[in-house]
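Q: Let me give you the structure first, and then I'll get to my questions.
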Amino acid sequence: HSRFTACLPNCHRATRQAPAGFARLIANIMVMGGGIFGRAFLDAYKHAMQNGPAATRAAVSRRGGGILASEARSILNVKPDASPTEVREAYERLYAMNDPAKGGSEYLRSKIQNAHDHLEDLSSDRASKSADK
């Protein structure tokens, strides 16, 4: 017992103080990491500013809540040459399957609704263009 208590103060003192070199190393690592992070952030910001107008144009050109026709077809699981009737049937089936009262997802219902609306808009645009000719 007495040997243990005699050793305890010496052991405690040795672990209490870290070498000065270790603290300097940690400080250097933090400064270097901050510099690397800062440069990466600045590069990403410059890249975003350069591509900002192009990204805005791409977002404006998307219709139907920002969804592409290929995405809409994928959501409704219809072929690219699907008729408006096939699109409507797929929409009604998937919309009913995702009824929240039956344990479905309101999020999925909104995706299905957006997909249907987008494909319906495309269909009506094609019909009006063919009528104009």
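Here, A, B, ... name the chains of the structure tokens in the order displayed, residue numbers run from 1 inside each chain, and ligands are numbered from 1 in the same displayed order.
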Residues within 7 Å of Ala115 of chain A, please, as a list in words. Count only C-alpha atoms; anything in the same chain fewer than 5 positions from it doesn't count.
A: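 Everything that qualifies: Ala72, Ile75 and Leu76 of chain A.
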Q: List every residue of segment 30-102 of chain A that DSSP, applied to the backbone of this structure, assigns to helix (DSSP H, G or I), and report them as a PyMOL selection string.
A: chain A and resi 30-61+69-76+84-97+100-102
Q: Hey, which of A:Lys79, A:Ala44, A:Gln113, A:Tyr107 ends up closest to Tyr95 of chain A? Count only C-alpha atoms.
A: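 Nearest to Tyr95 of chain A: A:Gln113.
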Q: Leaving out segment 117-122 of chain A and any residue of its chain fewer than 5 positions from it, which residues lie within 12 Å of it when counting only C-alpha atoms, given as a ChimeraX atom specification?
A: /A:62-76,78-88,90-91,110-112,127-129
Q: Could you tell me how far atom CA of Leu108 of chain A lies from atom CA of Arg126 of chain A, in Å and to one decimal?
A: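 Separating atom CA of Leu108 of chain A from atom CA of Arg126 of chain A is a distance of 27.1 Å.
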